[in-house]
$ cat query-v3.txt   # compact mmCIF, C-alpha atoms
# COMPACT_ATOMS: atom_id res chain seq x y z
CA ALA A 1 -11.72 102.95 115.26
CA LEU A 2 -9.77 99.71 115.54
CA THR A 3 -10.83 96.59 113.64
CA VAL A 4 -8.75 93.53 114.52
CA ALA A 5 -9.57 90.12 113.09
CA GLY A 6 -6.98 88.27 115.18
CA THR A 7 -5.76 88.53 118.75
CA SER A 8 -4.76 91.85 120.31
CA SER A 9 -2.34 92.73 123.10
CA PHE A 10 -1.88 96.19 124.62
CA THR A 11 0.96 96.99 127.05
CA THR A 12 2.13 100.21 128.66
CA SER A 13 5.79 100.78 129.48
CA ALA A 14 5.49 103.95 131.55
CA ASP A 15 4.22 103.69 135.12
CA ASN A 16 0.58 104.73 135.61
CA ALA A 17 -0.06 105.24 131.90
CA ASP A 18 -3.59 104.43 130.74
CA ILE A 19 -4.89 102.40 127.82
CA THR A 20 -7.95 104.12 126.33
CA LEU A 21 -9.78 102.50 123.42
CA ASN A 22 -13.20 104.07 123.79
CA THR A 23 -14.36 104.52 120.19
CA ALA A 24 -17.82 102.96 119.92
CA THR A 25 -17.09 101.32 116.55
CA ASN A 26 -14.01 99.36 117.66
CA ASP A 27 -14.31 95.68 116.73
CA PHE A 28 -11.98 93.11 118.32
CA THR A 29 -12.71 89.65 116.92
CA GLY A 30 -9.99 87.65 118.70
CA GLU A 31 -8.92 87.52 122.33
CA VAL A 32 -7.65 90.76 123.83
CA SER A 33 -5.11 91.14 126.64
CA PHE A 34 -3.92 94.19 128.60
CA THR A 35 -0.92 94.94 130.80
CA THR A 36 -0.43 98.25 132.58
CA ALA A 37 2.50 99.29 134.75
CA GLY A 38 2.63 101.17 138.04
CA THR A 39 -0.27 101.45 140.48
CA SER A 40 -2.89 103.40 138.53
CA GLY A 41 -2.68 102.33 134.92
CA ASN A 42 -6.34 102.18 133.91
CA VAL A 43 -7.90 100.41 130.94
CA THR A 44 -10.99 101.70 129.14
CA VAL A 45 -12.25 99.74 126.13
CA VAL A 46 -15.42 99.77 124.04
CA ASP A 47 -16.33 97.11 121.48
CA ALA A 48 -19.14 97.18 118.93
CA SER A 49 -19.62 93.42 119.21
CA ALA A 50 -18.69 90.54 121.52
CA PHE A 51 -15.46 90.74 123.52
CA GLU A 52 -13.18 87.98 124.86
CA LEU A 53 -10.70 89.01 127.55
CA ASP A 54 -7.49 87.00 127.74
CA THR A 55 -4.85 86.91 130.51
CA SER A 56 -4.36 90.48 131.69
CA THR A 57 -2.65 92.38 134.50
CA ILE A 58 -4.26 95.77 135.00
CA ASN A 59 -2.67 97.82 137.76
CA GLY A 60 -5.62 100.19 137.98
CA ASN A 61 -9.29 100.20 136.97
CA LEU A 62 -10.94 98.28 134.13
CA SER A 63 -13.93 99.65 132.23
CA LEU A 64 -15.14 97.29 129.51
CA THR A 65 -18.28 97.99 127.51
CA ALA A 66 -19.40 95.73 124.66
CA ASN A 67 -22.37 95.51 122.33
CA GLY A 68 -22.25 91.73 122.64
CA SER A 69 -21.30 89.06 125.14
CA ILE A 70 -18.27 89.57 127.39
CA THR A 71 -16.34 86.39 128.15
CA ASP A 72 -12.91 85.25 129.33
CA LYS A 73 -10.53 82.85 127.64
CA ASN A 74 -10.23 79.34 129.06
CA ASP A 75 -7.54 79.23 131.78
CA GLY A 76 -6.62 82.87 131.29
CA VAL A 77 -6.29 84.83 134.54
CA ILE A 78 -7.46 88.43 134.76
CA THR A 79 -5.89 90.53 137.51
CA VAL A 80 -7.34 93.98 138.21
CA THR A 81 -6.05 95.89 141.23
CA GLY A 82 -8.76 98.56 141.04
CA THR A 83 -12.44 98.51 140.12
CA ALA A 84 -13.82 96.41 137.27
CA ASP A 85 -16.93 97.36 135.30
CA LEU A 86 -18.05 94.79 132.71
CA ILE A 87 -21.09 96.16 130.93
CA ASN A 88 -23.03 94.64 128.06
CA GLN A 89 -24.99 97.19 126.05
CA GLY A 90 -26.37 94.72 123.54
CA SER A 91 -29.69 92.92 123.37
CA ASN A 92 -31.07 90.72 126.12
CA ASN A 93 -29.43 87.54 124.82
CA HIS A 94 -25.87 88.80 125.42
CA THR A 95 -24.21 87.80 128.64
CA VAL A 96 -21.30 88.69 130.89
CA ASP A 97 -19.54 85.46 131.86
CA VAL A 98 -16.01 85.55 133.25
CA THR A 99 -15.94 82.21 135.08
CA ASP A 100 -13.31 80.26 133.10
CA GLY A 101 -10.41 81.33 135.35
CA TRP A 102 -9.69 82.16 138.99
CA HIS A 103 -9.40 85.90 138.44
CA MET A 104 -8.18 88.41 141.01
CA TRP A 105 -10.29 91.49 141.65
CA GLY A 106 -8.74 94.15 143.87
CA ASP A 107 -11.79 96.39 144.28
CA THR A 108 -15.49 96.57 143.41
CA VAL A 109 -16.78 94.43 140.53
CA THR A 110 -19.83 95.58 138.55
CA LEU A 111 -21.61 93.38 135.97
CA TYR A 112 -24.52 94.04 133.61
CA GLY A 113 -25.81 91.50 131.07
CA HIS A 114 -28.45 88.88 130.24
CA HIS A 115 -26.59 86.56 132.62
CA ALA A 116 -24.06 88.05 135.05
CA LYS A 117 -21.37 85.55 136.07
CA VAL A 118 -17.96 86.02 137.67
CA ALA A 119 -15.27 83.90 139.31
CA SER A 120 -12.66 85.10 141.78
CA GLY A 121 -9.53 83.39 143.05
CA GLY A 122 -9.86 85.31 146.32
CA ALA A 123 -12.37 87.55 148.06
CA ILE A 124 -14.72 89.66 145.96
CA LYS A 125 -16.56 92.90 146.67
CA LEU A 126 -19.64 93.29 144.52
CA GLY A 127 -21.00 96.50 143.11
CA ASN A 128 -24.23 96.43 141.11
CA ILE A 129 -24.70 92.93 139.65
CA THR A 130 -27.56 92.91 137.15
CA ALA A 131 -28.80 89.94 135.15
CA THR A 132 -31.37 91.59 132.88
CA ALA A 133 -33.16 88.35 131.96
CA GLY A 134 -31.12 85.47 133.36
CA GLN A 135 -28.93 84.15 136.15
CA VAL A 136 -26.45 85.63 138.58
CA VAL A 137 -23.50 83.35 139.36
CA ILE A 138 -20.72 84.27 141.81
CA ILE A 139 -17.92 81.71 142.40
CA THR A 140 -15.05 82.55 144.74
CA ARG A 141 -12.17 81.25 146.79
CA GLY A 142 -12.75 83.97 149.39
CA ASP A 143 -15.35 86.06 151.19
CA VAL A 144 -18.23 87.60 149.22
CA THR A 145 -19.39 91.11 150.20
CA GLN A 146 -21.08 94.06 148.54
CA THR A 147 -20.77 97.82 148.74
CA ALA A 148 -23.22 99.71 150.93
CA THR A 149 -25.15 101.13 147.97
CA SER A 150 -25.06 98.22 145.54
CA SER A 151 -27.76 95.75 144.54
CA ILE A 152 -27.84 92.25 143.11
CA THR A 153 -30.70 91.73 140.65
CA SER A 154 -31.48 88.37 139.10
CA HIS A 155 -34.27 87.26 136.78
CA ASN A 156 -33.62 83.56 137.24
CA ASP A 157 -31.61 81.45 139.69
CA THR A 158 -28.88 83.11 141.75
CA THR A 159 -25.91 80.98 142.78
CA VAL A 160 -23.24 82.18 145.20
CA THR A 161 -20.44 79.73 145.98
CA ALA A 162 -17.64 80.70 148.39
CA LYS A 163 -15.61 77.51 148.56
CA ASP A 164 -12.10 76.34 147.73
CA VAL A 165 -11.99 72.70 146.67
CA SER A 166 -8.30 72.85 145.67
CA VAL A 167 -7.30 72.08 149.27
CA ASP A 168 -8.17 69.14 151.49
CA PRO A 169 -10.42 69.49 153.37
CA ASP A 170 -12.48 72.03 151.43
CA VAL A 171 -12.40 75.58 152.79
CA TYR A 172 -15.60 77.63 153.00
CA TYR A 173 -15.81 81.44 153.17
CA ASP A 174 -18.30 84.01 154.43
CA ILE A 175 -21.08 85.47 152.27
CA THR A 176 -22.48 88.84 153.39
CA LEU A 177 -25.12 90.34 151.08
CA THR A 178 -27.26 92.50 153.35
CA ASN A 179 -28.61 95.37 151.22
CA THR A 180 -32.39 95.71 151.04
CA SER A 181 -32.06 96.65 147.37
CA ASN A 182 -31.09 93.06 146.52
CA ASP A 183 -33.67 91.15 144.49
CA PHE A 184 -33.01 87.45 144.03
CA TYR A 185 -36.51 86.65 142.76
CA ASP A 186 -38.27 87.46 139.49
CA ASP A 187 -41.99 87.63 140.25
CA THR A 188 -42.80 86.69 136.64
CA ASN A 189 -40.64 83.54 136.66
CA VAL A 190 -41.98 81.23 139.36
CA GLY A 191 -39.35 78.87 140.76
CA ASP A 192 -36.32 81.16 140.84
CA GLU A 193 -33.95 79.88 143.53
CA LEU A 194 -31.17 81.37 145.62
CA ILE A 195 -28.50 78.70 146.01
CA ILE A 196 -25.76 79.36 148.56
CA THR A 197 -22.55 77.54 149.49
CA GLY A 198 -20.49 79.20 152.20
CA LYS A 199 -19.43 79.44 155.84
CA ASN A 200 -21.19 82.25 157.74
CA VAL A 201 -23.99 83.58 155.53
CA GLN A 202 -26.05 86.76 155.86
CA LEU A 203 -28.67 87.58 153.22
CA VAL A 204 -31.15 90.44 152.83
CA SER A 205 -33.56 91.09 149.97
CA GLY A 206 -36.26 93.63 149.26
CA ASP A 207 -38.31 90.85 147.64
CA GLN A 208 -39.09 87.29 148.63
CA ILE A 209 -36.33 84.68 148.73
CA ASN A 210 -36.90 81.17 147.44
CA MET A 211 -34.01 79.11 148.81
CA GLY A 212 -32.65 76.24 146.79
CA ALA A 213 -30.38 73.45 148.04
CA SER A 214 -27.66 75.24 150.00
CA THR A 215 -24.71 74.41 152.23

$ encode --input "query-v3.txt" --output "structure tokens"
Amino acid sequence: ALTVAGTSSFTTSADNADITLNTATNDFTGEVSFTTAGTSGNVTVVDASAFELDTSTINGNLSLTANGSITDKNDGVITVTGTADLINQGSNNHTVDVTDGWHMWGDTVTLYGHHAKVASGGAIKLGNITATAGQVVIITRGDVTQTATSSITSHNDTTVTAKDVSVDPDVYYDITLTNTSNDFYDDTNVGDELIITGKNVQLVSGDQINMGAST
């Protein structure tokens, strides 16, 4: 197991070499960054506590599992060309929140935590997005879609914003979330809202939808 009190940086030099740090008792206290070379250099990491991901370029898939909150460093940009799975295995008060930078996700993004929040500097394709007891927040500068078999599950408000305010005038993007397995409403928490900002919007849910102020 690795125990690091400060920051950590892992880099591969050979094309398509993986970084595998999957011992359950690893403990990274400071920010952690990854760089892999080639087109299929995957990163697999497990942390026994909270995990903060710093600027990284992963030319492959990212699998990150933590027994605490998963966050990103302010202004750090995470680039993943393959799939990204960010999974919190801790108690209900631990969240997945990677909204402090305009990250680039090349393939399906999967989130699991108390809150499930992600930002993207371009389009994003969602896998299973599960907020076990809190909010789902999706912020993008591109279209929002989901895979054919995925579901979005929220236990509080759900906010999906597909808008780029860095240009003038603002640019809006399409939101297409049309799986019947989606559930934007927690029947035990009256008042949950689905709040949408986008261009062309298509929404489907297997439960009721309580729309909040949307554009």

$ residues_near_point --input "query-v3.txt" --point "(-21.0, 88.2, 150.3)" --cutoff "10 Å" --atoms "only C-alpha atoms" --output "list in words"
Ala123, Ile124, Lys125, Leu126, Ile138, Thr140, Gly142, Asp143, Val144, Thr145, Gln146, Thr147, Val160, Thr161, Ala162, Tyr173, Asp174, Ile175, Thr176, Leu177, Thr178, Gly198, Asn200, Val201, Gln202 and Leu203 of chain A

$ residues_around --input "query-v3.txt" --residues "Phe28 of chain A" --least-positions-apart "3" --cutoff "12 Å" --atoms "only C-alpha atoms" --output "list of chain:residue names"
A:Ala1, A:Leu2, A:Thr3, A:Val4, A:Ala5, A:Gly6, A:Thr7, A:Ser8, A:Ser9, A:Leu21, A:Thr23, A:Ala24, A:Thr25, A:Glu31, A:Val32, A:Ser33, A:Val45, A:Val46, A:Asp47, A:Ala48, A:Ser49, A:Ala50, A:Phe51, A:Glu52, A:Leu53, A:Ala66, A:Asn67, A:Gly68, A:Ile70

$ write_last_selection --input "query-v3.txt" --atoms "C-alpha atoms" --output "short mmCIF file (atom, residue, chain, number, x, y, z; two decimals), in the coordinates of the input"
data_model
loop_
_atom_site.label_atom_id
_atom_site.label_comp_id
_atom_site.auth_asym_id
_atom_site.auth_seq_id
_atom_site.Cartn_x
_atom_site.Cartn_y
_atom_site.Cartn_z
CA ALA A 1 -11.72 102.95 115.26
CA LEU A 2 -9.77 99.71 115.54
CA THR A 3 -10.83 96.59 113.64
CA VAL A 4 -8.75 93.53 114.52
CA ALA A 5 -9.57 90.12 113.09
CA GLY A 6 -6.98 88.27 115.18
CA THR A 7 -5.76 88.53 118.75
CA SER A 8 -4.76 91.85 120.31
CA SER A 9 -2.34 92.73 123.10
CA LEU A 21 -9.78 102.50 123.42
CA THR A 23 -14.36 104.52 120.19
CA ALA A 24 -17.82 102.96 119.92
CA THR A 25 -17.09 101.32 116.55
CA GLU A 31 -8.92 87.52 122.33
CA VAL A 32 -7.65 90.76 123.83
CA SER A 33 -5.11 91.14 126.64
CA VAL A 45 -12.25 99.74 126.13
CA VAL A 46 -15.42 99.77 124.04
CA ASP A 47 -16.33 97.11 121.48
CA ALA A 48 -19.14 97.18 118.93
CA SER A 49 -19.62 93.42 119.21
CA ALA A 50 -18.69 90.54 121.52
CA PHE A 51 -15.46 90.74 123.52
CA GLU A 52 -13.18 87.98 124.86
CA LEU A 53 -10.70 89.01 127.55
CA ALA A 66 -19.40 95.73 124.66
CA ASN A 67 -22.37 95.51 122.33
CA GLY A 68 -22.25 91.73 122.64
CA ILE A 70 -18.27 89.57 127.39
#

$ closest_residue --input "query-v3.txt" --among "A:Gln208, A:Thr11, A:Thr130, A:Asn61" --to "Thr83 of chain A" --atoms "all atoms listed in the file"
A:Asn61

$ residues_around --input "query-v3.txt" --residues "Thr188 of chain A" --least-positions-apart "6" --cutoff "12 Å" --atoms "only C-alpha atoms" --output "list in words"
Ala133, Ser154, His155 and Asn156 of chain A

$ closest_residue --input "query-v3.txt" --among "A:Asp207, A:Gly121, A:Tyr172, A:Val137" --to "Asp187 of chain A" --atoms "all atoms listed in the file"
A:Asp207

$ residues_near_point --input "query-v3.txt" --point "(-11.9, 98.8, 128.1)" --cutoff "9 Å" --atoms "only C-alpha atoms" --output "list of chain:residue names"
A:Ile19, A:Thr20, A:Leu21, A:Asn22, A:Asn42, A:Val43, A:Thr44, A:Val45, A:Val46, A:Asp47, A:Leu62, A:Ser63, A:Leu64, A:Thr65, A:Ala66, A:Asp85, A:Leu86

$ closest_residue --input "query-v3.txt" --among "A:Ser120, A:Gln135, A:Ser151, A:Ser40" --to "Asn93 of chain A" --atoms "all atoms listed in the file"
A:Gln135

$ atom_distance --input "query-v3.txt" --atom1 "atom CA of Asp72 of chain A" --atom2 "atom CA of Leu194 of chain A"
24.8 Å

$ atom_distance --input "query-v3.txt" --atom1 "atom CA of Thr159 of chain A" --atom2 "atom CA of Val136 of chain A"
6.3 Å

$ closest_residue --input "query-v3.txt" --among "A:Gly60, A:Gly90, A:Pro169, A:Gly82" --to "Val109 of chain A" --atoms "all atoms listed in the file"
A:Gly82

$ atom_distance --input "query-v3.txt" --atom1 "atom CA of Val98 of chain A" --atom2 "atom CA of Ser13 of chain A"
26.9 Å

$ closest_residue --input "query-v3.txt" --among "A:Gly101, A:Ile139, A:Asn59, A:Asp157" --to "Lys73 of chain A" --atoms "all atoms listed in the file"
A:Gly101

$ closest_residue --input "query-v3.txt" --among "A:Thr57, A:Thr132, A:Thr81, A:Thr29" --to "Val96 of chain A" --atoms "only C-alpha atoms"
A:Thr132

$ axis_aligned_box --input "query-v3.txt" --around "segment 114-117 of chain A" --padding-each-side "8 Å" --output "JSON"
{"center_x": -24.9, "center_y": 87.2, "center_z": 133.2, "size_x": 23.1, "size_y": 19.3, "size_z": 21.8}

$ residues_around --input "query-v3.txt" --residues "Ala37 of chain A" --least-positions-apart "5" --cutoff "8 Å" --atoms "all atoms listed in the file" --output "list in words"
Thr12, Ser13, Ala14, Asp15, Asn16, Ala17, Ile58 and Asn59 of chain A

$ decode --input "query-v3.txt" --residues "segment 128-159 of chain A" --atoms "N, CA, C and O atoms" --output "short mmCIF file (atom, residue, chain, number, x, y, z; two decimals), in the first residue's frame"
data_model
loop_
_atom_site.label_atom_id
_atom_site.label_comp_id
_atom_site.auth_asym_id
_atom_site.auth_seq_id
_atom_site.Cartn_x
_atom_site.Cartn_y
_atom_site.Cartn_z
N ASN A 128 -24.04 5.65 -15.89
CA ASN A 128 -24.88 5.73 -14.68
C ASN A 128 -24.40 6.87 -13.79
O ASN A 128 -23.23 6.91 -13.40
N ILE A 129 -25.31 7.79 -13.49
CA ILE A 129 -25.02 8.91 -12.60
C ILE A 129 -25.92 8.75 -11.39
O ILE A 129 -27.15 8.87 -11.49
N THR A 130 -25.33 8.46 -10.23
CA THR A 130 -26.13 8.13 -9.05
C THR A 130 -25.75 9.04 -7.89
O THR A 130 -24.60 9.01 -7.42
N ALA A 131 -26.70 9.84 -7.44
CA ALA A 131 -26.56 10.60 -6.21
C ALA A 131 -27.35 9.86 -5.14
O ALA A 131 -28.58 9.86 -5.15
N THR A 132 -26.66 9.20 -4.23
CA THR A 132 -27.32 8.28 -3.30
C THR A 132 -28.25 8.99 -2.33
O THR A 132 -29.22 8.40 -1.85
N ALA A 133 -27.96 10.27 -2.01
CA ALA A 133 -28.81 10.99 -1.06
C ALA A 133 -28.86 12.48 -1.36
O ALA A 133 -29.41 13.24 -0.56
N GLY A 134 -28.32 12.90 -2.49
CA GLY A 134 -28.22 14.33 -2.75
C GLY A 134 -28.50 14.70 -4.19
O GLY A 134 -29.35 14.09 -4.85
N GLN A 135 -27.75 15.67 -4.69
CA GLN A 135 -28.01 16.30 -5.98
C GLN A 135 -27.18 15.68 -7.11
O GLN A 135 -26.08 15.19 -6.88
N VAL A 136 -27.73 15.79 -8.31
CA VAL A 136 -26.97 15.57 -9.54
C VAL A 136 -26.78 16.93 -10.20
O VAL A 136 -27.73 17.69 -10.37
N VAL A 137 -25.52 17.23 -10.56
CA VAL A 137 -25.21 18.48 -11.26
C VAL A 137 -24.32 18.16 -12.45
O VAL A 137 -23.24 17.57 -12.29
N ILE A 138 -24.77 18.55 -13.64
CA ILE A 138 -24.01 18.37 -14.87
C ILE A 138 -23.85 19.75 -15.51
O ILE A 138 -24.84 20.41 -15.80
N ILE A 139 -22.59 20.19 -15.72
CA ILE A 139 -22.32 21.49 -16.31
C ILE A 139 -21.40 21.27 -17.50
O ILE A 139 -20.32 20.69 -17.36
N THR A 140 -21.81 21.73 -18.69
CA THR A 140 -20.99 21.47 -19.87
C THR A 140 -20.92 22.67 -20.80
O THR A 140 -21.75 23.58 -20.76
N ARG A 141 -19.91 22.62 -21.66
CA ARG A 141 -19.80 23.51 -22.81
C ARG A 141 -19.97 22.67 -24.08
O ARG A 141 -19.19 22.77 -25.02
N GLY A 142 -20.98 21.81 -24.08
CA GLY A 142 -21.25 20.95 -25.21
C GLY A 142 -22.53 20.16 -24.98
O GLY A 142 -23.20 20.33 -23.95
N ASP A 143 -22.87 19.29 -25.93
CA ASP A 143 -24.09 18.49 -25.83
C ASP A 143 -24.01 17.51 -24.66
O ASP A 143 -22.92 17.00 -24.32
N VAL A 144 -25.16 17.22 -24.07
CA VAL A 144 -25.27 16.23 -23.00
C VAL A 144 -26.11 15.06 -23.51
O VAL A 144 -27.26 15.25 -23.93
N THR A 145 -25.55 13.85 -23.49
CA THR A 145 -26.26 12.64 -23.89
C THR A 145 -26.00 11.57 -22.85
O THR A 145 -25.21 11.75 -21.91
N GLN A 146 -26.66 10.42 -23.02
CA GLN A 146 -26.40 9.28 -22.15
C GLN A 146 -26.39 8.00 -22.98
O GLN A 146 -26.97 7.97 -24.07
N THR A 147 -25.74 6.97 -22.44
CA THR A 147 -25.72 5.70 -23.14
C THR A 147 -27.10 5.07 -23.11
O THR A 147 -27.96 5.43 -22.29
N ALA A 148 -27.32 4.10 -23.98
CA ALA A 148 -28.65 3.51 -24.13
C ALA A 148 -29.11 2.75 -22.89
O ALA A 148 -30.32 2.58 -22.68
N THR A 149 -28.18 2.30 -22.06
CA THR A 149 -28.54 1.48 -20.90
C THR A 149 -28.32 2.19 -19.57
O THR A 149 -28.47 1.58 -18.52
N SER A 150 -27.97 3.45 -19.60
CA SER A 150 -27.62 4.14 -18.36
C SER A 150 -28.84 4.80 -17.71
O SER A 150 -29.89 4.96 -18.33
N SER A 151 -28.67 5.20 -16.46
CA SER A 151 -29.73 5.90 -15.74
C SER A 151 -29.12 7.03 -14.92
O SER A 151 -27.98 6.95 -14.46
N ILE A 152 -29.92 8.07 -14.74
CA ILE A 152 -29.55 9.18 -13.87
C ILE A 152 -30.50 9.15 -12.68
O ILE A 152 -31.72 9.21 -12.86
N THR A 153 -29.95 9.03 -11.48
CA THR A 153 -30.76 8.89 -10.27
C THR A 153 -30.37 9.97 -9.28
O THR A 153 -29.21 10.04 -8.86
N SER A 154 -31.34 10.80 -8.92
CA SER A 154 -31.09 11.88 -7.98
C SER A 154 -32.03 11.75 -6.79
O SER A 154 -33.16 11.28 -6.93
N HIS A 155 -31.55 12.16 -5.61
CA HIS A 155 -32.39 12.19 -4.43
C HIS A 155 -32.60 13.61 -3.91
O HIS A 155 -32.93 13.82 -2.74
N ASN A 156 -32.37 14.56 -4.80
CA ASN A 156 -32.61 15.97 -4.49
C ASN A 156 -32.74 16.67 -5.83
O ASN A 156 -33.13 16.04 -6.80
N ASP A 157 -32.40 17.95 -5.92
CA ASP A 157 -32.48 18.64 -7.20
C ASP A 157 -31.50 18.06 -8.21
O ASP A 157 -30.42 17.60 -7.86
N THR A 158 -31.89 18.12 -9.48
CA THR A 158 -31.03 17.76 -10.59
C THR A 158 -30.87 18.99 -11.48
O THR A 158 -31.87 19.57 -11.92
N THR A 159 -29.62 19.38 -11.73
CA THR A 159 -29.35 20.55 -12.56
C THR A 159 -28.47 20.14 -13.73
O THR A 159 -27.39 19.58 -13.53
#
